[in-house]
>>> print(open('work_31.txt').read())   # compact mmCIF, C-alpha atoms
# COMPACT_ATOMS: atom_id res chain seq x y z
CA MET A 25 -24.70 -8.96 -2.60
CA GLY A 26 -27.70 -6.66 -2.38
CA ALA A 27 -27.87 -3.16 -0.95
CA SER A 28 -28.77 -4.49 2.52
CA GLY A 29 -25.68 -6.74 2.54
CA SER A 30 -23.46 -3.85 1.52
CA LYS A 31 -25.00 -1.65 4.24
CA PHE A 32 -24.38 -4.41 6.82
CA ILE A 33 -20.70 -4.61 5.84
CA ASP A 34 -20.37 -0.81 5.94
CA GLN A 35 -21.85 -0.79 9.45
CA ALA A 36 -19.56 -3.59 10.66
CA VAL A 37 -16.50 -1.83 9.23
CA GLU A 38 -17.60 1.41 10.89
CA ARG A 39 -17.85 -0.36 14.25
CA LEU A 40 -14.39 -1.86 13.75
CA THR A 41 -12.82 1.50 12.89
CA ALA A 42 -14.71 3.31 15.64
CA GLN A 43 -12.93 1.28 18.34
CA ASP A 44 -9.79 -0.72 18.81
CA SER A 45 -10.47 -3.67 16.53
CA CYS A 46 -7.66 -5.68 18.14
CA SER A 47 -9.32 -5.68 21.52
CA PRO A 48 -11.98 -7.95 23.00
CA GLU A 49 -14.55 -5.29 22.00
CA GLY A 50 -13.63 -5.88 18.36
CA LEU A 51 -14.51 -9.59 18.48
CA ARG A 52 -18.25 -9.25 17.81
CA PRO A 53 -17.92 -6.93 14.79
CA ILE A 54 -15.21 -9.21 13.37
CA LEU A 55 -17.46 -12.25 13.78
CA ASP A 56 -20.34 -10.31 12.19
CA ILE A 57 -18.34 -9.50 9.05
CA LEU A 58 -16.56 -12.87 8.82
CA PRO A 59 -19.06 -14.50 6.40
CA HIS A 60 -18.29 -11.72 3.91
CA ILE A 61 -14.50 -12.04 3.82
CA ALA A 62 -12.22 -14.73 2.39
CA VAL A 63 -9.21 -14.36 4.69
CA PHE A 64 -8.85 -13.15 8.28
CA SER A 65 -5.17 -12.75 9.17
CA PRO A 66 -4.20 -11.03 12.40
CA ASN A 67 -0.76 -11.42 13.87
CA LEU A 68 -0.50 -13.58 16.99
CA LEU A 69 -0.53 -10.70 19.47
CA GLU A 70 -3.60 -9.18 17.79
CA MET A 71 -5.41 -12.53 17.87
CA GLN A 72 -4.58 -13.09 21.52
CA SER A 73 -5.78 -9.58 22.36
CA ILE A 74 -9.06 -10.05 20.46
CA LEU A 75 -9.62 -13.33 22.31
CA SER A 76 -8.54 -11.96 25.73
CA GLN A 77 -5.79 -14.58 25.91
CA ALA A 78 -2.50 -14.31 27.73
CA THR A 79 0.44 -13.49 25.49
CA SER A 80 2.41 -16.56 24.51
CA GLU A 81 4.60 -16.96 21.44
CA THR A 82 4.78 -20.74 21.08
CA PRO A 83 3.54 -22.89 18.20
CA GLU A 84 0.95 -24.41 20.55
CA ALA A 85 -0.35 -20.95 21.45
CA VAL A 86 -0.73 -20.06 17.76
CA VAL A 87 -2.72 -23.20 16.99
CA GLN A 88 -4.83 -22.80 20.12
CA ALA A 89 -5.69 -19.18 19.27
CA ALA A 90 -6.64 -20.04 15.68
CA ARG A 91 -8.81 -22.97 16.75
CA HIS A 92 -10.47 -20.96 19.52
CA PHE A 93 -11.33 -18.20 17.04
CA GLU A 94 -12.69 -20.80 14.61
CA ASP A 95 -14.86 -22.28 17.40
CA LEU A 96 -16.24 -18.82 18.20
CA ALA A 97 -16.95 -18.21 14.51
CA LEU A 98 -18.74 -21.55 14.22
CA SER A 99 -20.90 -20.84 17.27
CA HIS A 100 -21.62 -17.28 16.08
CA ILE A 101 -22.42 -17.89 12.42
CA GLY A 102 -22.85 -21.67 12.21
CA ARG A 103 -20.11 -22.16 9.63
CA CYS A 104 -16.77 -20.67 8.75
CA HIS A 105 -15.66 -20.47 5.12
CA THR A 106 -13.13 -17.79 5.94
CA ALA A 107 -9.48 -18.86 5.97
CA ILE A 108 -7.96 -17.99 9.36
CA ILE A 109 -4.25 -17.27 9.08
CA VAL A 110 -2.35 -16.31 12.21
CA ARG A 111 0.98 -14.64 11.41
CA ALA A 112 3.52 -15.45 14.13
CA GLY A 113 6.81 -13.79 13.16
CA PRO A 114 9.78 -16.16 13.34
CA LEU A 115 7.42 -19.13 13.87
CA GLY A 116 5.85 -18.55 10.45
CA SER A 117 2.09 -18.59 9.94
CA PHE A 118 -0.63 -21.08 10.77
CA THR A 119 -3.60 -21.56 8.44
CA LEU A 120 -7.02 -23.03 9.18
CA SER A 121 -9.14 -23.27 6.04
CA ALA A 122 -11.61 -25.54 4.32
CA SER A 123 -8.96 -26.56 1.80
CA TRP A 124 -5.85 -26.82 3.98
CA THR A 125 -4.66 -26.58 7.58
CA GLY A 126 -1.01 -26.27 8.46
CA TRP A 127 2.12 -24.23 9.00
CA VAL A 128 4.08 -22.13 6.55
CA PRO A 129 7.55 -21.47 7.97
CA ALA A 130 8.97 -17.98 8.24
CA PHE A 131 11.33 -17.02 5.44
CA TRP A 132 14.04 -16.30 8.00
CA GLY A 133 13.79 -18.79 10.85
CA ALA A 134 14.72 -18.18 14.47
CA ASP A 135 18.34 -19.12 13.73
CA ARG A 136 18.65 -16.34 11.10
CA GLN A 137 16.85 -13.43 12.71
CA ASP A 138 19.99 -11.35 12.23
CA GLN A 139 19.09 -11.34 8.51
CA VAL A 140 15.90 -9.36 9.23
CA ALA A 141 16.69 -5.69 8.60
CA ASP A 142 13.32 -4.06 9.36
CA VAL A 143 9.97 -5.67 10.07
CA THR A 144 7.95 -2.48 9.60
CA GLY A 145 5.17 -3.35 7.19
CA GLY A 146 6.25 -7.01 7.11
CA GLY A 147 2.77 -8.34 7.85
CA ASN A 148 1.19 -6.10 5.22
CA ALA A 149 3.81 -7.14 2.65
CA TRP A 150 3.21 -10.80 3.53
CA LEU A 151 -0.56 -10.37 3.09
CA GLY A 152 -0.02 -8.64 -0.26
CA GLY A 153 2.14 -11.52 -1.46
CA PHE A 154 -0.33 -14.05 -0.12
CA CYS A 155 -3.27 -12.38 -1.91
CA ALA A 156 -1.26 -12.19 -5.14
CA GLY A 157 -0.50 -15.90 -4.76
CA LEU A 158 -4.18 -16.70 -4.28
CA LEU A 159 -5.03 -14.78 -7.44
CA LEU A 160 -2.26 -16.45 -9.45
CA THR A 161 -3.27 -19.93 -8.27
CA ASN A 162 -7.06 -19.50 -8.42
CA GLY A 163 -7.35 -19.65 -4.63
CA ASN A 164 -5.06 -22.62 -4.03
CA MET A 165 -3.62 -22.30 -0.50
CA ARG A 166 -0.65 -24.41 -1.61
CA SER A 167 0.40 -23.72 -5.17
CA GLY A 168 0.87 -26.79 -7.31
CA GLY A 169 -1.12 -29.01 -4.95
CA SER A 170 2.08 -30.27 -3.32
CA SER A 171 1.55 -32.89 -0.65
CA SER A 172 4.04 -31.12 1.60
CA PRO A 173 2.49 -28.30 3.66
CA SER A 174 5.91 -26.94 4.62
CA THR A 175 6.02 -24.26 1.94
CA LEU A 176 3.67 -21.94 0.16
CA LEU A 177 5.00 -21.19 -3.29
CA LEU A 178 3.67 -18.19 -5.11
CA GLN A 179 4.16 -19.06 -8.76
CA ARG A 180 2.17 -19.17 -11.98
>>> encode(input="work_31.txt", output="structure tokens")
Amino acid sequence: MGASGSKFIDQAVERLTAQDSCSPEGLRPILDILPHIAVFSPNLLEMQSILSQATSETPEAVVQAARHFEDLALSHIGRCHTAIIVRAGPLGSFTLSASWTGWVPAFWGADRQDQVADVTGGGNAWLGGFCAGLLLTNGNMRSGGSSSPSTLLLQR
């Protein structure tokens, strides 16, 4: 990327940090920077806020939010090579990408929420593990190429 591309990204990041990036005002700067990032992964409430959608924590709402964001990205930039991953707490996460679309269940499902001690930083920890998994698998969204989309294994 040349100096002008780097300057563009710096400006988009500045706009995102200068305002609440998880509000409808953050949508345009996010769409502007999208071609330059590999993964966009807000949690469900952040995604619904960015899209000005009513809060709903159902699997259908997660899929609808992800697909709506993808449609906006396609209309804004003409293509979307960025993986869109909506993290939805006990529902797990939903991925829309060029290589795979599907659900990854939460480690502790709704029936075992009493096992969750503290969710502070949980999304950041998840993203760190996800990025490590992408590095270890050369970008494979599902390690090992398993035909079952029900799990994402982070292994060498």
>>> atom_distance(input="work_31.txt", atom1="CA of Gly163 in chain A", atom2="CA of Ala62 in chain A")
9.9 Å
>>> atom_distance(input="work_31.txt", atom1="CA of Ala85 in chain A", atom2="CA of Ala112 in chain A")
9.9 Å
>>> closest_residue(input="work_31.txt", among="A:Phe154, A:Asp138, A:Glu49, A:Leu115", to="Glu84 in chain A", atoms="only C-alpha atoms")
A:Leu115
>>> atom_distance(input="work_31.txt", atom1="CA of Pro129 in chain A", atom2="CA of Ala97 in chain A")
25.6 Å
>>> residues_around(input="work_31.txt", residues="Glu70 in chain A", least_positions_apart="6", cutoff="9 Å", atoms="only C-alpha atoms", output="tab-separated table (two decimals) with C-alpha atoms, in the coordinates of the input")
chain	number	residue	atom	x	y	z
A	45	SER	CA	-10.47	-3.67	16.53
A	46	CYS	CA	-7.66	-5.68	18.14
A	47	SER	CA	-9.32	-5.68	21.52
>>> residues_around(input="work_31.txt", residues="Leu98 in chain A", least_positions_apart="6", cutoff="12 Å", atoms="only C-alpha atoms", output="PyMOL selection string")
chain A and resi 55-56+58-59+91-92+104-106
>>> closest_residue(input="work_31.txt", among="A:Ala90, A:Leu158, A:Ile61, A:Leu96", to="Ile109 in chain A", atoms="all atoms listed in the file")
A:Ala90
>>> axis_aligned_box(input="work_31.txt", around="range 55-66 of chain A", padding_each_side="8 Å", output="JSON")
{"center_x": -12.3, "center_y": -12.1, "center_z": 8.1, "size_x": 32.1, "size_y": 21.2, "size_z": 27.4}
>>> closest_residue(input="work_31.txt", among="A:Ile108, A:Leu51, A:Ile101, A:Val87", to="Phe64 in chain A", atoms="only C-alpha atoms")
A:Ile108
>>> residues_around(input="work_31.txt", residues="Ser123 in chain A", least_positions_apart="3", cutoff="10 Å", atoms="all atoms listed in the file", output="mmCIF file with C-alpha atoms, in the coordinates of the input")
data_model
loop_
_atom_site.group_PDB
_atom_site.id
_atom_site.type_symbol
_atom_site.label_atom_id
_atom_site.label_comp_id
_atom_site.auth_asym_id
_atom_site.auth_seq_id
_atom_site.Cartn_x
_atom_site.Cartn_y
_atom_site.Cartn_z
ATOM 1 C CA HIS A 105 -15.660 -20.470 5.120
ATOM 2 C CA ALA A 107 -9.480 -18.860 5.970
ATOM 3 C CA THR A 119 -3.600 -21.560 8.440
ATOM 4 C CA LEU A 120 -7.020 -23.030 9.180
ATOM 5 C CA GLY A 163 -7.350 -19.650 -4.630
ATOM 6 C CA ASN A 164 -5.060 -22.620 -4.030
ATOM 7 C CA MET A 165 -3.620 -22.300 -0.500
ATOM 8 C CA ARG A 166 -0.650 -24.410 -1.610
#
>>> residues_around(input="work_31.txt", residues="Arg111 in chain A", least_positions_apart="2", cutoff="10 Å", atoms="only C-alpha atoms", output="PyMOL selection string")
chain A and resi 65-71+86+108-109+113-119+127-128+130+147+150-151
